[in-house]
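Q: Take a look at protein_21.csv, CSV, C-alpha atoms:
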```
chain,number,residue,atom,x,y,z
W,1,MET,CA,27.4,-38.2,40.2
W,2,ILE,CA,28.7,-35.4,38.0
W,3,ILE,CA,26.3,-32.5,37.7
W,4,PRO,CA,26.9,-30.2,34.8
W,5,ARG,CA,26.7,-26.4,35.3
W,6,THR,CA,25.5,-23.8,32.8
W,7,GLY,CA,26.4,-20.2,32.4
W,8,ILE,CA,25.3,-17.2,30.4
W,9,GLY,CA,27.5,-14.5,28.8
W,10,VAL,CA,26.4,-11.3,27.2
W,11,ASP,CA,28.6,-8.8,25.4
W,12,VAL,CA,27.8,-5.6,23.5
W,13,HIS,CA,30.0,-3.3,21.5
W,14,ALA,CA,29.2,-0.1,19.6
W,15,TYR,CA,30.6,0.5,16.2
W,16,ALA,CA,33.8,2.5,16.4
W,17,PRO,CA,33.5,6.2,15.4
W,18,GLU,CA,33.9,6.8,11.7
W,19,ASP,CA,36.7,9.3,12.5
W,20,ALA,CA,38.6,6.5,14.4
W,21,PRO,CA,38.0,3.4,12.3
W,22,ARG,CA,39.0,-0.1,13.5
W,23,PRO,CA,38.9,-3.5,11.8
W,24,LEU,CA,35.9,-5.7,12.5
W,25,TRP,CA,36.7,-8.8,14.4
W,26,LEU,CA,33.6,-11.0,14.9
W,27,GLY,CA,33.4,-14.6,15.8
W,28,GLY,CA,37.2,-14.8,15.8
W,29,LEU,CA,37.3,-13.7,12.2
W,30,LEU,CA,38.5,-10.5,10.5
W,31,TRP,CA,35.8,-9.0,8.2
W,32,PRO,CA,37.6,-6.8,5.7
W,33,GLY,CA,35.6,-3.8,4.5
W,34,GLU,CA,33.3,-3.8,7.5
W,35,ARG,CA,33.1,-1.1,10.1
W,36,GLY,CA,34.8,-2.3,13.3
W,37,LEU,CA,33.6,-2.2,16.9
W,38,ALA,CA,34.9,-0.1,19.8
W,39,GLY,CA,36.4,-1.8,22.8
W,40,HIS,CA,39.3,-2.2,25.2
W,41,SER,CA,40.4,-5.4,23.3
W,42,ASP,CA,39.5,-6.2,19.7
W,43,GLY,CA,35.8,-5.7,20.4
W,44,ASP,CA,34.7,-9.2,19.3
W,45,PRO,CA,31.4,-9.7,21.1
W,46,VAL,CA,31.0,-13.3,20.0
W,47,ALA,CA,34.3,-14.4,21.5
W,48,HIS,CA,33.8,-12.2,24.6
W,49,ALA,CA,30.3,-13.6,25.3
W,50,ALA,CA,31.6,-17.2,24.9
W,51,ALA,CA,34.4,-16.5,27.4
W,52,ASP,CA,31.9,-14.8,29.8
W,53,ALA,CA,29.6,-17.8,29.6
W,54,LEU,CA,32.4,-20.1,30.6
W,55,PHE,CA,33.3,-18.0,33.6
W,56,SER,CA,29.6,-17.9,34.6
W,57,ALA,CA,29.2,-21.6,34.3
W,58,ALA,CA,32.3,-22.3,36.5
W,59,GLY,CA,31.3,-19.6,39.0
W,60,ILE,CA,34.6,-17.8,38.8
W,61,GLY,CA,33.7,-14.2,37.9
W,62,ASP,CA,33.2,-12.7,34.5
W,63,LEU,CA,35.0,-11.1,31.6
W,64,GLY,CA,35.7,-7.9,33.6
W,65,THR,CA,37.1,-9.9,36.5
W,66,HIS,CA,39.7,-11.6,34.4
W,67,PHE,CA,40.3,-9.2,31.4
W,68,GLY,CA,38.9,-5.8,32.6
W,69,THR,CA,39.7,-2.4,31.3
W,70,ASP,CA,41.9,-1.9,34.4
W,71,ARG,CA,44.3,-4.5,32.9
W,72,PRO,CA,46.4,-2.7,30.3
W,73,GLU,CA,48.0,-6.0,29.1
W,74,PHE,CA,44.7,-6.8,27.5
W,75,ALA,CA,44.3,-3.6,25.5
W,76,GLY,CA,43.8,-4.6,21.9
W,77,ALA,CA,43.9,-8.3,22.8
W,78,SER,CA,42.3,-10.8,20.3
W,79,GLY,CA,38.9,-12.2,21.4
W,80,VAL,CA,40.3,-15.6,20.3
W,81,ALA,CA,43.2,-15.2,22.7
W,82,LEU,CA,40.8,-14.2,25.5
W,83,LEU,CA,38.6,-17.2,24.9
W,84,THR,CA,41.7,-19.5,24.9
W,85,GLU,CA,42.8,-18.0,28.2
W,86,ALA,CA,39.2,-18.2,29.6
W,87,ALA,CA,39.1,-21.9,28.8
W,88,ARG,CA,42.5,-22.4,30.5
W,89,ILE,CA,41.3,-20.6,33.6
W,90,VAL,CA,38.1,-22.7,33.7
W,91,ARG,CA,40.0,-25.9,33.4
W,92,ALA,CA,42.5,-24.8,36.1
W,93,ALA,CA,39.5,-24.2,38.4
W,94,GLY,CA,38.7,-27.9,38.1
W,95,PHE,CA,36.1,-28.0,35.2
W,96,GLU,CA,35.9,-29.5,31.8
W,97,ILE,CA,34.0,-27.8,29.0
W,98,GLY,CA,31.1,-29.5,27.4
W,99,ASN,CA,30.2,-26.9,24.8
W,100,VAL,CA,29.5,-23.2,24.2
W,101,ALA,CA,26.7,-21.8,22.0
W,102,VAL,CA,26.7,-18.2,20.9
W,103,GLN,CA,24.2,-16.1,19.0
W,104,PHE,CA,25.0,-12.6,17.8
W,105,VAL,CA,22.5,-9.9,16.9
W,106,GLY,CA,23.3,-7.4,14.2
W,107,ASN,CA,22.4,-6.3,10.7
W,108,ARG,CA,25.8,-7.0,9.3
W,109,PRO,CA,28.1,-8.6,8.3
W,110,LYS,CA,26.3,-11.4,6.4
W,111,PHE,CA,27.4,-14.2,8.7
W,112,GLY,CA,26.0,-17.4,7.0
W,113,PRO,CA,28.9,-17.9,4.5
W,114,ARG,CA,31.5,-17.9,7.3
W,115,ARG,CA,29.5,-19.5,10.2
W,116,GLU,CA,31.4,-22.8,10.0
W,117,GLU,CA,34.8,-21.0,9.8
W,118,SER,CA,33.9,-19.0,12.9
W,119,SER,CA,32.7,-22.1,14.8
W,120,GLN,CA,35.9,-23.9,14.0
W,121,VAL,CA,38.2,-21.0,15.0
W,122,LEU,CA,36.4,-20.6,18.4
W,123,SER,CA,36.2,-24.3,19.0
W,124,ASP,CA,40.0,-24.5,18.5
W,125,ALA,CA,40.4,-21.6,20.9
W,126,ALA,CA,38.3,-23.2,23.6
W,127,ASP,CA,39.4,-26.7,22.8
W,128,ALA,CA,35.7,-27.6,23.0
W,129,PRO,CA,32.7,-27.4,20.6
W,130,VAL,CA,31.6,-23.8,20.0
W,131,SER,CA,28.6,-23.2,17.7
W,132,VAL,CA,27.8,-19.7,16.4
W,133,THR,CA,24.6,-18.4,15.0
W,134,ALA,CA,23.4,-15.0,14.0
W,135,THR,CA,20.1,-13.1,13.8
W,136,THR,CA,18.9,-9.5,13.2
W,137,SER,CA,16.6,-7.6,15.5
W,138,ASP,CA,14.2,-6.6,12.7
W,139,ARG,CA,15.5,-3.0,12.8
W,140,LEU,CA,14.6,-2.7,16.5
W,141,GLY,CA,16.9,-1.4,19.2
W,142,PHE,CA,20.5,-0.3,18.9
W,143,THR,CA,21.5,-3.3,16.8
W,144,GLY,CA,18.6,-2.7,14.4
W,145,ARG,CA,19.6,1.0,14.1
W,146,GLY,CA,23.1,-0.2,13.1
W,147,GLU,CA,24.8,1.3,16.2
W,148,GLY,CA,26.5,-1.9,17.3
W,149,ILE,CA,26.4,-5.7,17.8
W,150,SER,CA,25.4,-7.8,20.8
W,151,ALA,CA,26.0,-11.5,21.5
W,152,VAL,CA,24.5,-13.9,24.0
W,153,ALA,CA,26.2,-17.2,24.9
W,154,THR,CA,25.5,-20.3,27.0
W,155,ALA,CA,28.1,-22.7,28.2
W,156,LEU,CA,28.0,-26.1,29.8
W,157,VAL,CA,30.9,-27.2,32.0
W,158,TYR,CA,31.2,-30.1,34.5
W,159,PRO,CA,33.4,-30.7,37.4
W,160,ARG,CA,36.5,-32.8,36.7
W,161,PRO,CA,36.1,-36.1,38.5
W,162,SER,CA,38.3,-36.4,41.6
W,163,GLY,CA,41.8,-37.6,40.8
W,164,ALA,CA,41.4,-36.7,37.1
W,165,ILE,CA,44.4,-34.9,35.6
W,166,GLY,CA,43.6,-31.8,33.5
```
Please go through the file and, once you have read it, give me the structure as structure tokens.

A:
Amino acid sequence: MIIPRTGIGVDVHAYAPEDAPRPLWLGGLLWPGERGLAGHSDGDPVAHAAADALFSAAGIGDLGTHFGTDRPEFAGASGVALLTEAARIVRAAGFEIGNVAVQFVGNRPKFGPRREESSQVLSDAADAPVSVTATTSDRLGFTGRGEGISAVATALVYPRPSGAIG
């Protein structure tokens, strides 16, 4: 019997300082005209939370284990590239990916018009279904004060059956 495994990933990024602007990458998409997020890589909390959830589900560490700030080769890396690599690592560890669901919390950008585009970009990166939703925190906490964006993801993986090639 194949028993699926679930994992949770959380990622948080503050907005970049106004005197050191960065582009906003969120959900695998560039958001022109929006204030970007600080981070070692591109600061995309949606893609990062998705990757972290995959690692959690497979029981093989976390985002810092694989792409930490002590790894200079990942400085400025695309969240999409990190999710692609996370999916490869999870599969190499003997798992298949069922799906990933991500919800980000922030006041902006207005996500609804690009939700499907984001889901498609991240699904392509993971080579598995990734759904993305968004909410605000009703002006509460650091996201409500406009200090940053957080994201929470869940992932479902299942062990590859013995003898299966992946």

Q: Which residue is closest to Glu73 in chain W? Choose from W:Arg88, W:Thr136, W:Ser41, W:Ala126 and count only C-alpha atoms.

A: W:Ser41

Q: In Å to one decimal, how far is CA of Val102 in chain W from CA of Gly36 in chain W?

A: 19.4 Å

Q: Given the choices W:Gly64, W:Pro4, W:Gly106, W:Gly43, which gets closest to Leu24 in chain W if the distance is worked out from only C-alpha atoms?

A: W:Gly43

Q: I need the residue nearest Thr84 in chain W from this list: W:Ser131, W:Ser150, W:Ser137, W:Ser123. Use only C-alpha atoms for the distance.

A: W:Ser123

Q: When you draw a straight line from CA of Thr6 in chain W to CA of Ile149 in chain W, how long is it in Å?

A: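 Answer for the CA of Thr6 in chain W to CA of Ile149 in chain W separation: 23.5 Å.
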
Q: So which residues touch Ala81 in chain W within 10 Å, counting all atoms listed in the file, skipping near sequence neighbours fewer than 5 positions away, as a list in words?

A: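 Within the cut-off, the hits are Gly28, Ala47, Phe74, Ala86, Ala87, Leu122, Ala125 and Ala126 of chain W.
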
Q: Keeping only C-alpha atoms, take the residues you just selected and write them out as a CSV table (one decimal), keeping the file's coordinate frame.

A:
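The result, written out as out.csv:
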```csv
chain,number,residue,atom,x,y,z
W,28,GLY,CA,37.2,-14.8,15.8
W,47,ALA,CA,34.3,-14.4,21.5
W,74,PHE,CA,44.7,-6.8,27.5
W,86,ALA,CA,39.2,-18.2,29.6
W,87,ALA,CA,39.1,-21.9,28.8
W,122,LEU,CA,36.4,-20.6,18.4
W,125,ALA,CA,40.4,-21.6,20.9
W,126,ALA,CA,38.3,-23.2,23.6
```

Q: What does the distance between CA of Ala20 in chain W and CA of Ala153 in chain W come to in Å, to one decimal place?

A: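 That distance, rounded to one decimal, is 28.7 Å.
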
Q: Hey, which of W:Glu34, W:Asp124, W:Asp19, W:Glu96 ends up closest to Pro109 in chain W? Count all atoms listed in the file.

A: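 Closest to Pro109 in chain W, using all atoms listed in the file: W:Glu34.
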
Q: Return the single residue from W:Gly33, W:His48, W:Arg5, W:Gly112 that is closest to Leu82 in chain W, with distances computed using all atoms listed in the file.

A: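 Closest residue, counting all atoms listed in the file: W:His48.
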
Q: Using only C-alpha atoms, which of the listed residues (W:Gly146, W:Gly76, W:Pro161, W:Gly27) sits closest to Arg115 in chain W?

A: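 With only C-alpha atoms as the atom set, the closest residue is W:Gly27.
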
Q: Name the residues in contact with Phe111 in chain W at a cut-off of 10 Å, using all atoms listed in the file, excluding same-chain residues fewer than 4 positions from it; report them as a compact mmCIF listing (two decimals) with C-alpha atoms, in the coordinates of the input.

A:
```txt
# COMPACT_ATOMS: atom_id res chain seq x y z
CA LEU W 26 33.60 -11.00 14.90
CA GLY W 27 33.40 -14.60 15.80
CA TRP W 31 35.80 -9.00 8.20
CA PHE W 104 25.00 -12.60 17.80
CA GLY W 106 23.30 -7.40 14.20
CA ASN W 107 22.40 -6.30 10.70
CA ARG W 115 29.50 -19.50 10.20
CA GLU W 116 31.40 -22.80 10.00
CA SER W 118 33.90 -19.00 12.90
CA VAL W 132 27.80 -19.70 16.40
CA THR W 133 24.60 -18.40 15.00
CA ALA W 134 23.40 -15.00 14.00
CA THR W 135 20.10 -13.10 13.80
```

Q: Using only C-alpha atoms, determine which residues lie at most 8 Å from Val100 in chain W, disregarding the query and same-chain residues fewer than 5 positions distant; provide the list as a PyMOL selection string.

A: chain W and resi 50+53-54+128-131+153-156
